[in-house]
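Data file: data-v9.csv. Format and content: CSV, C-alpha atoms and all ligand atoms.
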```csv
chain,number,residue,atom,x,y,z
A,12,MET,CA,7.7,-24.5,-7.8
A,13,THR,CA,9.7,-26.4,-5.2
A,14,ASN,CA,11.7,-29.5,-6.2
A,15,ARG,CA,9.1,-31.6,-4.4
A,16,GLU,CA,6.3,-30.1,-6.5
A,17,THR,CA,8.3,-30.5,-9.7
A,18,ILE,CA,9.0,-34.1,-9.0
A,19,LEU,CA,5.3,-34.7,-8.2
A,20,THR,CA,4.1,-32.9,-11.4
A,21,ALA,CA,6.6,-34.8,-13.6
A,22,LEU,CA,5.5,-38.2,-12.1
A,23,ARG,CA,1.8,-37.3,-12.4
A,24,LEU,CA,2.1,-36.3,-16.1
A,25,ALA,CA,4.3,-39.3,-17.0
A,26,THR,CA,2.7,-42.2,-18.8
A,27,ASP,CA,5.3,-44.7,-17.6
A,28,TRP,CA,7.9,-45.1,-14.9
A,29,LEU,CA,10.4,-42.2,-14.4
A,30,THR,CA,13.9,-43.1,-13.3
A,31,GLY,CA,15.4,-41.3,-10.3
A,32,GLU,CA,18.4,-40.5,-12.5
A,33,ARG,CA,16.2,-38.7,-15.0
A,34,LEU,CA,14.4,-36.7,-12.3
A,35,ALA,CA,17.7,-35.9,-10.6
A,36,GLU,CA,19.2,-34.7,-13.9
A,37,GLN,CA,16.1,-32.6,-14.7
A,38,LEU,CA,16.3,-30.8,-11.3
A,39,GLY,CA,20.1,-30.7,-10.9
A,40,ILE,CA,19.9,-32.6,-7.6
A,41,SER,CA,21.2,-36.0,-6.5
A,42,ARG,CA,19.2,-39.2,-6.8
A,43,MET,CA,19.3,-39.4,-3.0
A,44,ALA,CA,17.5,-36.0,-2.8
A,45,VAL,CA,14.9,-37.3,-5.3
A,46,SER,CA,14.3,-40.4,-3.2
A,47,LYS,CA,14.0,-38.2,0.0
A,48,GLN,CA,11.3,-36.0,-1.7
A,49,VAL,CA,9.4,-39.1,-2.9
A,50,ALA,CA,9.5,-40.4,0.7
A,51,THR,CA,8.1,-37.1,1.9
A,52,LEU,CA,5.3,-37.2,-0.7
A,53,ASN,CA,4.4,-40.7,0.4
A,54,GLY,CA,4.4,-39.5,4.0
A,55,MET,CA,1.9,-36.7,3.0
A,56,GLY,CA,-0.5,-39.3,1.7
A,57,TYR,CA,0.5,-39.6,-2.0
A,58,ARG,CA,1.1,-43.1,-3.3
A,59,ILE,CA,4.2,-43.2,-5.4
A,60,GLU,CA,5.5,-46.6,-6.2
A,61,SER,CA,9.2,-47.2,-6.5
A,62,ALA,CA,10.9,-50.2,-8.2
A,63,HIS,CA,14.5,-51.2,-8.7
A,64,ARG,CA,15.8,-50.1,-12.1
A,65,LYS,CA,12.4,-48.7,-13.1
A,66,GLY,CA,12.3,-45.7,-10.8
A,67,TYR,CA,9.0,-44.1,-9.7
A,68,ARG,CA,5.4,-44.3,-10.8
A,69,PHE,CA,2.6,-42.0,-9.6
A,70,HIS,CA,-0.3,-44.0,-8.2
A,71,SER,CA,-2.7,-41.6,-6.4
A,72,ALA,CA,-3.1,-38.3,-4.5
A,73,PRO,CA,-4.7,-37.9,-1.1
A,74,ASP,CA,-8.1,-36.3,-0.9
A,75,LEU,CA,-6.6,-33.3,0.8
A,76,LEU,CA,-6.6,-29.6,-0.1
A,77,LEU,CA,-2.8,-29.5,-0.1
A,78,PRO,CA,-1.1,-26.6,-1.9
A,79,GLU,CA,0.3,-29.1,-4.4
A,80,GLU,CA,-3.2,-30.3,-5.1
A,81,ILE,CA,-4.7,-26.8,-5.5
A,82,ARG,CA,-1.9,-25.7,-7.8
A,83,PHE,CA,-1.9,-28.9,-10.0
A,84,GLN,CA,-3.4,-27.8,-13.4
A,85,LEU,CA,-4.7,-24.6,-11.8
A,86,GLN,CA,-5.6,-22.2,-14.7
A,87,THR,CA,-5.4,-18.9,-12.8
A,88,GLU,CA,-2.8,-16.2,-13.5
A,89,ARG,CA,-2.4,-15.2,-9.8
A,90,PHE,CA,-4.8,-16.5,-7.3
A,91,GLY,CA,-3.6,-19.8,-5.7
A,92,GLN,CA,-0.4,-19.6,-7.8
A,93,GLU,CA,1.7,-18.0,-5.1
A,94,GLU,CA,1.5,-18.5,-1.3
A,95,ILE,CA,-0.9,-21.1,0.0
A,96,HIS,CA,-1.2,-21.6,3.8
A,97,TYR,CA,-2.6,-25.0,4.4
A,98,PHE,CA,-3.9,-26.2,7.8
A,99,GLY,CA,-5.2,-29.5,8.9
A,100,GLU,CA,-7.1,-27.7,11.6
A,101,LEU,CA,-7.3,-24.1,12.8
A,102,PRO,CA,-9.8,-21.8,14.4
A,103,SER,CA,-10.8,-19.8,11.2
A,104,THR,CA,-9.1,-19.2,7.9
A,105,ASN,CA,-10.6,-15.7,7.9
A,106,THR,CA,-9.0,-14.8,11.2
A,107,ALA,CA,-5.6,-16.2,9.9
A,108,ALA,CA,-5.9,-14.2,6.7
A,109,LYS,CA,-6.8,-11.0,8.6
A,110,GLU,CA,-3.7,-11.4,10.8
A,111,ALA,CA,-1.5,-12.0,7.7
A,112,ALA,CA,-3.1,-9.0,5.9
A,113,LEU,CA,-2.1,-6.8,8.8
A,114,SER,CA,1.5,-8.0,8.6
A,115,GLY,CA,1.7,-7.1,4.9
A,116,CYS,CA,0.9,-10.4,3.2
A,117,PRO,CA,0.3,-9.9,-0.6
A,118,GLU,CA,-2.9,-10.1,-2.6
A,119,GLY,CA,-3.8,-13.6,-3.8
A,120,THR,CA,-2.5,-15.4,-0.7
A,121,LEU,CA,-4.8,-18.3,0.1
A,122,PHE,CA,-5.6,-19.8,3.5
A,123,ILE,CA,-7.2,-23.2,3.4
A,124,ALA,CA,-8.2,-25.6,6.1
A,125,GLU,CA,-9.5,-29.2,6.3
A,126,HIS,CA,-11.3,-28.2,9.5
A,127,GLN,CA,-12.1,-25.0,11.4
A,128,THR,CA,-12.7,-25.1,15.1
A,129,ASN,CA,-14.2,-21.6,15.2
A,130,GLY,CA,-15.5,-21.0,11.7
A,131,ARG,CA,-17.2,-17.7,11.5
A,132,GLY,CA,-20.3,-16.7,9.6
A,133,ARG,CA,-22.0,-13.4,8.9
A,134,ARG,CA,-23.4,-11.3,11.7
A,135,GLY,CA,-21.5,-13.1,14.4
A,136,ARG,CA,-22.8,-16.6,13.6
A,137,THR,CA,-20.7,-19.7,13.5
A,138,TRP,CA,-20.0,-21.7,10.4
A,139,LEU,CA,-20.1,-25.4,11.1
A,140,ALA,CA,-18.5,-27.9,8.7
A,141,GLU,CA,-17.2,-31.4,9.3
A,142,ALA,CA,-13.6,-32.0,8.6
A,143,SER,CA,-12.7,-32.8,5.0
A,144,HIS,CA,-16.3,-32.7,3.7
A,145,GLY,CA,-16.2,-29.4,2.0
A,146,LEU,CA,-14.2,-26.3,1.3
A,147,CYS,CA,-13.2,-23.7,3.9
A,148,PHE,CA,-10.9,-21.1,2.5
A,149,SER,CA,-10.0,-17.4,2.6
A,150,LEU,CA,-8.4,-15.4,-0.1
A,151,LEU,CA,-6.6,-12.2,0.7
A,152,LEU,CA,-7.3,-9.3,-1.6
A,153,ARG,CA,-6.0,-5.8,-1.9
A,154,PRO,CA,-8.5,-4.3,-4.3
A,155,VAL,CA,-7.9,-0.9,-5.9
A,156,PHE,CA,-11.5,0.1,-6.2
A,157,SER,CA,-13.3,2.5,-3.9
A,158,PRO,CA,-14.7,1.5,-0.5
A,159,ARG,CA,-18.1,2.3,-1.8
A,160,GLN,CA,-17.8,-0.6,-4.2
A,161,LEU,CA,-16.9,-3.0,-1.4
A,162,THR,CA,-20.6,-4.1,-1.0
A,163,LEU,CA,-20.3,-5.6,-4.5
A,164,LEU,CA,-17.5,-7.9,-3.8
A,165,PRO,CA,-19.6,-10.6,-1.9
A,166,LEU,CA,-22.1,-10.5,-4.8
A,167,LEU,CA,-19.2,-11.0,-7.2
A,168,ALA,CA,-17.9,-13.9,-5.2
A,169,ALA,CA,-21.4,-15.5,-5.1
A,170,VAL,CA,-21.6,-15.3,-8.9
A,171,ALA,CA,-18.1,-16.8,-9.3
A,172,VAL,CA,-18.8,-19.7,-6.9
A,173,SER,CA,-22.1,-20.4,-8.7
A,174,GLU,CA,-20.4,-20.4,-12.0
A,175,ALA,CA,-17.7,-22.8,-10.7
A,176,ILE,CA,-20.2,-25.2,-9.3
A,177,GLU,CA,-22.0,-25.2,-12.6
A,178,ASN,CA,-18.8,-25.8,-14.6
A,179,VAL,CA,-17.9,-28.7,-12.4
A,180,SER,CA,-21.2,-30.4,-11.6
A,181,GLY,CA,-23.7,-29.0,-14.1
A,182,ILE,CA,-25.9,-27.8,-11.2
A,183,ARG,CA,-26.9,-24.2,-11.2
A,184,ALA,CA,-26.8,-22.8,-7.6
A,185,GLU,CA,-28.9,-19.7,-7.2
A,186,VAL,CA,-27.8,-16.6,-5.3
A,187,LYS,CA,-29.8,-15.3,-2.4
A,188,TRP,CA,-29.2,-11.7,-1.5
A,189,PRO,CA,-26.7,-10.7,-0.6
A,190,ASN,CA,-24.4,-13.7,-1.2
A,191,ASP,CA,-25.7,-17.1,-0.1
A,192,LEU,CA,-25.8,-19.9,-2.6
A,193,ILE,CA,-28.9,-22.0,-2.7
A,194,ILE,CA,-29.8,-25.3,-4.3
A,195,GLY,CA,-33.3,-26.7,-4.1
A,196,GLY,CA,-34.2,-24.1,-1.6
A,197,LYS,CA,-31.3,-25.0,0.8
A,198,LYS,CA,-28.1,-23.3,1.6
A,199,ILE,CA,-24.9,-24.8,0.1
A,200,CYS,CA,-22.4,-22.0,0.5
A,201,GLY,CA,-21.7,-19.0,2.7
A,202,ILE,CA,-19.5,-16.1,2.1
A,203,LEU,CA,-17.9,-13.8,4.6
A,204,THR,CA,-16.0,-10.7,3.5
A,205,GLU,CA,-14.1,-8.7,6.1
A,206,ALA,CA,-12.2,-5.5,5.2
A,207,GLY,CA,-9.5,-3.3,6.8
A,208,PHE,CA,-9.1,0.4,5.8
A,209,ASP,CA,-6.2,2.7,5.4
A,210,LEU,CA,-7.6,6.2,5.9
A,211,GLU,CA,-10.1,6.6,3.0
A,212,SER,CA,-9.0,3.5,1.0
A,213,ILE,CA,-9.2,-0.2,1.3
A,214,ASP,CA,-6.2,-1.8,2.8
A,215,TYR,CA,-7.3,-5.4,2.5
A,216,VAL,CA,-10.3,-7.6,2.1
A,217,VAL,CA,-10.5,-11.2,3.3
A,218,LEU,CA,-12.9,-13.2,1.3
A,219,GLY,CA,-14.0,-16.4,3.2
A,220,ILE,CA,-15.9,-19.1,1.4
A,221,GLY,CA,-17.5,-22.2,3.0
A,222,LEU,CA,-18.9,-24.7,0.6
A,223,ASN,CA,-20.6,-28.0,1.5
A,224,ILE,CA,-19.4,-30.6,-1.0
A,225,ASN,CA,-19.4,-34.1,0.2
A,226,THR,CA,-21.3,-33.6,3.5
A,227,PRO,CA,-23.8,-36.4,4.1
A,228,ALA,CA,-27.2,-35.3,5.4
A,229,GLN,CA,-26.6,-36.9,8.8
A,230,ALA,CA,-23.4,-34.8,9.3
A,231,PHE,CA,-25.5,-31.6,9.5
A,232,PRO,CA,-26.7,-30.8,13.0
A,233,LEU,CA,-30.4,-31.5,13.3
A,234,GLU,CA,-31.3,-27.8,13.3
A,235,LEU,CA,-29.6,-27.3,9.9
A,236,ARG,CA,-30.9,-30.4,8.1
A,237,GLU,CA,-34.0,-28.6,6.8
A,238,ILE,CA,-32.1,-25.6,5.5
A,239,ALA,CA,-28.7,-26.8,4.4
A,240,THR,CA,-27.5,-29.2,1.7
A,241,SER,CA,-24.3,-30.3,0.0
A,242,LEU,CA,-23.4,-30.9,-3.6
A,243,ALA,CA,-23.1,-34.6,-3.1
A,244,MET,CA,-26.6,-34.7,-1.6
A,245,GLU,CA,-27.9,-32.9,-4.7
A,246,THR,CA,-26.0,-34.9,-7.3
A,247,GLY,CA,-26.0,-38.2,-5.5
A,248,ALA,CA,-22.3,-38.7,-6.0
A,249,PRO,CA,-19.1,-37.3,-4.3
A,250,LEU,CA,-17.2,-34.5,-6.0
A,251,ASP,CA,-13.5,-33.8,-6.0
A,252,ARG,CA,-13.0,-30.9,-3.6
A,253,ARG,CA,-9.7,-30.0,-5.3
A,254,VAL,CA,-11.4,-29.6,-8.7
A,255,LEU,CA,-14.0,-27.3,-7.1
A,256,ALA,CA,-11.3,-25.3,-5.3
A,257,ARG,CA,-9.5,-24.7,-8.6
A,258,ALA,CA,-12.7,-23.9,-10.5
A,259,ILE,CA,-13.7,-21.3,-7.8
A,260,LEU,CA,-10.3,-19.6,-7.9
A,261,ASP,CA,-10.5,-19.5,-11.7
A,262,CYS,CA,-14.0,-18.1,-11.9
A,263,PHE,CA,-13.3,-15.7,-9.1
A,264,GLU,CA,-10.1,-14.4,-10.7
A,265,ARG,CA,-11.9,-13.8,-14.0
A,266,ARG,CA,-14.8,-11.9,-12.4
A,267,TYR,CA,-12.5,-9.9,-10.1
A,268,THR,CA,-10.1,-8.9,-12.9
A,269,GLN,CA,-13.0,-7.9,-15.0
A,270,ALA,CA,-14.6,-5.8,-12.2
A,271,CYS,CA,-11.3,-4.1,-11.4
A,272,ALA,CA,-10.8,-3.1,-15.1
A,273,GLU,CA,-14.4,-2.4,-16.2
A,274,GLY,CA,-16.6,-2.1,-13.1
A,275,PHE,CA,-19.3,-4.3,-11.8
A,276,ASP,CA,-22.0,-4.1,-14.5
A,277,ALA,CA,-21.3,-7.6,-15.9
A,278,VAL,CA,-21.3,-9.1,-12.3
A,279,LEU,CA,-24.6,-7.4,-11.5
A,280,ASP,CA,-26.2,-8.8,-14.7
A,281,ALA,CA,-24.9,-12.3,-13.9
A,282,TRP,CA,-26.1,-11.9,-10.3
A,283,CYS,CA,-29.6,-11.0,-11.5
A,284,GLU,CA,-29.7,-14.0,-13.8
A,285,ARG,CA,-28.7,-16.4,-11.0
A,286,SER,CA,-30.9,-14.7,-8.3
A,287,CYS,CA,-33.6,-16.5,-6.4
A,288,THR,CA,-34.4,-13.3,-4.6
A,289,LEU,CA,-35.7,-11.0,-7.3
A,290,GLY,CA,-39.4,-11.1,-8.0
A,291,ARG,CA,-40.2,-12.6,-4.6
A,292,THR,CA,-41.8,-11.2,-1.5
A,293,VAL,CA,-39.1,-11.2,1.1
A,294,THR,CA,-38.6,-10.5,4.8
A,295,ILE,CA,-35.4,-8.9,5.8
A,296,ARG,CA,-34.1,-8.8,9.3
A,297,GLN,CA,-32.0,-5.7,10.3
A,298,GLU,CA,-30.7,-4.5,13.6
A,299,THR,CA,-33.5,-2.0,13.7
A,300,GLY,CA,-36.3,-4.5,13.0
A,301,THR,CA,-37.7,-6.4,10.0
A,302,LEU,CA,-38.8,-5.2,6.6
A,303,GLN,CA,-41.1,-6.9,4.1
A,304,GLY,CA,-41.6,-6.2,0.5
A,305,ARG,CA,-41.2,-7.5,-3.1
A,306,ALA,CA,-37.6,-7.7,-4.2
A,307,GLU,CA,-37.6,-5.7,-7.4
A,308,ALA,CA,-34.1,-4.9,-8.4
A,309,ILE,CA,-30.5,-4.5,-7.3
A,310,THR,CA,-28.8,-1.1,-7.3
A,311,PRO,CA,-25.4,-0.4,-8.9
A,312,GLU,CA,-24.0,-0.6,-5.3
A,313,GLY,CA,-25.6,-4.0,-4.6
A,314,ALA,CA,-28.5,-2.8,-2.4
A,315,LEU,CA,-31.8,-4.7,-2.7
A,316,VAL,CA,-34.7,-2.6,-3.9
A,317,LEU,CA,-37.9,-3.5,-2.1
A,318,ARG,CA,-41.4,-2.5,-3.0
A,319,LEU,CA,-43.1,-2.0,0.4
A,320,PRO,CA,-46.7,-2.8,1.1
A,321,ASN,CA,-47.5,0.9,1.1
A,322,GLY,CA,-46.3,1.2,-2.5
A,323,SER,CA,-43.1,3.0,-1.8
A,324,SER,CA,-39.7,1.6,-2.6
A,325,GLN,CA,-36.7,1.2,-0.4
A,326,ALA,CA,-33.1,0.2,-1.1
A,327,VAL,CA,-31.8,-2.2,1.6
A,328,VAL,CA,-28.0,-2.1,2.0
A,329,SER,CA,-27.5,-4.8,4.6
A,330,GLY,CA,-29.5,-7.4,6.6
A,331,ASP,CA,-30.5,-11.0,6.6
A,332,LEU,CA,-33.0,-12.3,4.2
A,333,ILE,CA,-34.9,-14.6,6.5
A,334,GLN,CA,-37.9,-15.6,4.5
A,335,SER,CA,-39.1,-15.5,0.9
A,336,SER,CA,-42.3,-16.6,-0.6
A,337,GLY,CA,-42.1,-19.0,-3.5
A,338,LYS,CA,-42.1,-22.7,-4.1
A,339,GLY,CA,-39.4,-24.8,-2.6
A,340,LEU,CA,-37.5,-22.1,-0.8
A,341,LYS,CA,-36.6,-23.0,2.7
A,342,VAL,CA,-34.1,-20.2,3.6
B,401,LIG,C1,-22.2,-17.2,6.3
B,401,LIG,O1,-23.0,-17.7,5.5
B,401,LIG,O2,-22.6,-16.7,7.4
B,401,LIG,C2,-20.8,-17.0,5.9
B,401,LIG,C3,-20.0,-18.3,6.2
B,401,LIG,C4,-18.5,-18.1,5.8
B,401,LIG,C5,-17.7,-19.4,6.2
B,401,LIG,C6,-16.3,-19.3,5.7
B,401,LIG,S1,-15.5,-20.8,5.9
B,401,LIG,C7,-14.0,-20.1,5.5
B,401,LIG,C8,-14.0,-18.7,6.1
B,401,LIG,N1,-13.4,-18.8,7.5
B,401,LIG,C9,-14.4,-18.5,8.4
B,401,LIG,O3,-14.2,-18.5,9.6
B,401,LIG,N2,-15.5,-18.2,7.8
B,401,LIG,C10,-15.4,-18.3,6.3
```
Encoded form using structure tokens:
Amino acid sequence: MTNRETILTALRLATDWLTGERLAEQLGISRMAVSKQVATLNGMGYRIESAHRKGYRFHSAPDLLLPEEIRFQLQTERFGQEEIHYFGELPSTNTAAKEAALSGCPEGTLFIAEHQTNGRGRRGRTWLAEASHGLCFSLLLRPVFSPRQLTLLPLLAAVAVSEAIENVSGIRAEVKWPNDLIIGGKKICGILTEAGFDLESIDYVVLGIGLNINTPAQAFPLELREIATSLAMETGAPLDRRVLARAILDCFERRYTQACAEGFDAVLDAWCERSCTLGRTVTIRQETGTLQGRAEAITPEGALVLRLPNGSSQAVVSGDLIQSSGKGLKV
């Protein structure tokens, strides 16, 4: 932890004023250095009061996804605890994470932005999100499992984000194959995983997550209003983006550690429990055309098993689920 973060944490946890002298002593720095750090924190958007003879008192934190905010009371062992690269604006956190991965950046490094100017979605689409309404972040992973298991990672991430949303808001977001999150038939979260390989093994995976949190309906472009939603739209109240970011890191780390140690069985069970795809008749768009059938199961590799109209079954490895029968589903 930097001196600045230590000062911030001490002030946050204090129930009363903390003198500059005490903070300086605690850190082995001068009172002037403490006062400089407090000024920097105020410049970043924190509100820390200072008063002669009393010292400093924490007032409020900015609604920003600053590293100091993500790490405050973060429960994880690794993810988010080390390097966090924070951007007010950048083209895409996935692109930044991929570049960093190629220059040797370690597992667990987090790339987070208030706003992306070129947010990328699956299959070459764009991911649109207004600044500071939601979460846009990418986590750099260097998994030890086999490339064949890579298709399971997006499913794992979808389960973890759904669990985090439920822990924070009480709302159960469903997972749509392979890894969209849906509430009330509308999309709330998209996940983009991109991997690099080293001969036969995985070099890195960038896991990108875009979650609509406080987006008001009118902030969605017209063409998305029927198919997208945000947590605030569903709960009727704004949610703290920082709390959600911490919860996602926590749930993801648990599931990821479990999968690395024991395999993906538990993830697949959880995915099936949260699925809004299984049991429905679905249409899947692939590069070669569309397929329609009843979604019956998920294979140990994460492929969707369809019962086709001619009675045969087919496992679908990739594609876009563009339509499903069933009440309330819009995507
Ligand atoms: C999709 O549903 O098509 C996937 C959307 C993924 C969006 C996230 S936002 C953070 C990360 N950076 C990107 O450019 N994309 C992902």
Please build the interface table for chain A against ligand LIG 401 (chain B) with a cut-off of 7 Å, listing for each qualifying residue the nearest atom pair and the distance in Å to one decimal; count all atoms listed in the file, order rows by chain and increasing number, and write it as CSV.
```
residue,atom,partner,partner_atom,distance
A:Ser103,CA,B:LIG401,O3,4.0
A:Thr104,CA,B:LIG401,N1,4.3
A:Asn105,CA,B:LIG401,N1,4.2
A:Thr106,CA,B:LIG401,O3,6.6
A:Asn129,CA,B:LIG401,O3,6.4
A:Gly130,CA,B:LIG401,O3,3.5
A:Arg131,CA,B:LIG401,O3,3.6
A:Gly132,CA,B:LIG401,O2,3.2
A:Arg133,CA,B:LIG401,O2,3.7
A:Arg134,CA,B:LIG401,O2,6.9
A:Arg136,CA,B:LIG401,O2,6.2
A:Trp138,CA,B:LIG401,C5,5.3
A:Cys147,CA,B:LIG401,C7,4.0
A:Phe148,CA,B:LIG401,C7,4.4
A:Ser149,CA,B:LIG401,C8,5.5
A:Asp191,CA,B:LIG401,O1,6.2
A:Cys200,CA,B:LIG401,O1,6.6
A:Gly201,CA,B:LIG401,O1,3.3
A:Ile202,CA,B:LIG401,C2,4.1
A:Leu203,CA,B:LIG401,C4,4.5
A:Gly219,CA,B:LIG401,C8,3.7
A:Ile220,CA,B:LIG401,C6,4.3
A:Gly221,CA,B:LIG401,S1,3.8
```
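The interatomic distance for the pair CA of Gly39 in chain A and CA of Leu19 in chain A works out to 15.6 Å.
Put simply, CA of Ala35 in chain A is 12.5 Å away from CA of Leu22 in chain A.
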Name the residues within 6 Å of (-25.1, -19.4, -12.5), counting only C-alpha atoms in the file's coordinates, and put them as an mmCIF file with C-alpha atoms, in the frame of the given file.
```cif
data_model
loop_
_atom_site.group_PDB
_atom_site.id
_atom_site.type_symbol
_atom_site.label_atom_id
_atom_site.label_comp_id
_atom_site.auth_asym_id
_atom_site.auth_seq_id
_atom_site.Cartn_x
_atom_site.Cartn_y
_atom_site.Cartn_z
ATOM 1 C CA SER A 173 -22.100 -20.400 -8.700
ATOM 2 C CA GLU A 174 -20.400 -20.400 -12.000
ATOM 3 C CA ARG A 183 -26.900 -24.200 -11.200
ATOM 4 C CA ARG A 285 -28.700 -16.400 -11.000
#
```
Which residues are near Ala306 in chain A? Cut-off 8 Å, only C-alpha atoms, ignore same chain within fewer than 3 positions. Put them as a VMD selection string. chain A and resid 288 to 293 315 to 318
Preceding selection exported with C-alpha atoms as an mmCIF file, in the frame of the given file:
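Final output, part-v1.cif:
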```cif
data_model
loop_
_atom_site.group_PDB
_atom_site.id
_atom_site.type_symbol
_atom_site.label_atom_id
_atom_site.label_comp_id
_atom_site.auth_asym_id
_atom_site.auth_seq_id
_atom_site.Cartn_x
_atom_site.Cartn_y
_atom_site.Cartn_z
ATOM 1 C CA THR A 288 -34.400 -13.300 -4.600
ATOM 2 C CA LEU A 289 -35.700 -11.000 -7.300
ATOM 3 C CA GLY A 290 -39.400 -11.100 -8.000
ATOM 4 C CA ARG A 291 -40.200 -12.600 -4.600
ATOM 5 C CA THR A 292 -41.800 -11.200 -1.500
ATOM 6 C CA VAL A 293 -39.100 -11.200 1.100
ATOM 7 C CA LEU A 315 -31.800 -4.700 -2.700
ATOM 8 C CA VAL A 316 -34.700 -2.600 -3.900
ATOM 9 C CA LEU A 317 -37.900 -3.500 -2.100
ATOM 10 C CA ARG A 318 -41.400 -2.500 -3.000
#
```
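Among the candidate residues A:Leu38, A:Met12, A:Ala72, A:Ile224, the one lying nearest to Asp251 in chain A is A:Ile224, with distances computed using all atoms listed in the file.
Take the candidates A:Cys283, A:Ala124, A:Met55, A:Val49 and check each one against Val170 in chain A using only C-alpha atoms; the shortest distance goes to A:Cys283.
CA of Arg257 in chain A is positioned 8.4 Å from CA of Gln84 in chain A.
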From the list A:Ala175, A:Leu164, A:Ala228, A:Ile295, which residue is nearest Thr268 in chain A when using all atoms listed in the file? A:Leu164
With distances taken over all atoms listed in the file, which of A:Ala184, A:Gln48, A:Asp27, A:Gln37 is nearest to Gly66 in chain A? A:Asp27
Polymer residues at most 12 Å from Arg33 in chain A, only C-alpha atoms, same-chain spacing of 3 or more positions, as a ChimeraX atom specification: /A:18,21-22,28-30,36-42,45,64-67
Using only C-alpha atoms, please write the residues we just selected to a file, as a compact mmCIF listing (two decimals), in the coordinates of the input.
```txt
# COMPACT_ATOMS: atom_id res chain seq x y z
CA ILE A 18 9.00 -34.10 -9.00
CA ALA A 21 6.60 -34.80 -13.60
CA LEU A 22 5.50 -38.20 -12.10
CA TRP A 28 7.90 -45.10 -14.90
CA LEU A 29 10.40 -42.20 -14.40
CA THR A 30 13.90 -43.10 -13.30
CA GLU A 36 19.20 -34.70 -13.90
CA GLN A 37 16.10 -32.60 -14.70
CA LEU A 38 16.30 -30.80 -11.30
CA GLY A 39 20.10 -30.70 -10.90
CA ILE A 40 19.90 -32.60 -7.60
CA SER A 41 21.20 -36.00 -6.50
CA ARG A 42 19.20 -39.20 -6.80
CA VAL A 45 14.90 -37.30 -5.30
CA ARG A 64 15.80 -50.10 -12.10
CA LYS A 65 12.40 -48.70 -13.10
CA GLY A 66 12.30 -45.70 -10.80
CA TYR A 67 9.00 -44.10 -9.70
```
Measuring between all atoms listed in the file, which one of A:Leu163, A:Leu52, A:Leu319, A:Ala62 shows the shortest distance to Arg266 in chain A? A:Leu163
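With all atoms listed in the file as the atoms that count, the minimum distance from Thr128 in chain A to the choices A:Leu76, A:Gly145, A:Glu100, A:Phe69 is reached by A:Glu100.
By all atoms listed in the file, and with residues fewer than 4 positions from Cys262 in chain A along its chain excluded, the set lying at most 12 Å from it is A:Leu85, A:Gln86, A:Thr87, A:Glu88, A:Phe90, A:Leu167, A:Ala168, A:Ala169, A:Val170, A:Ala171, A:Val172, A:Ser173, A:Glu174, A:Ala175, A:Ile176, A:Glu177, A:Asn178, A:Val179, A:Leu255, A:Ala256, A:Arg257, A:Ala258, A:Arg266, A:Tyr267, A:Thr268, A:Gln269, A:Val278.
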Do you know which residues are at most 8 Å from Gln297 in chain A counting all atoms listed in the file, after dropping those on the same chain fewer than 6 positions away, and could you put them as an MDAnalysis selection string? chainID A and resid 329:331
Write out as a ChimeraX atom specification each polymer residue whose atoms come within 12 Å of Ser157 in chain A, counting only C-alpha atoms; drop sequence neighbours fewer than 5 positions from it. /A:162-164,208-215,270-271,274,312
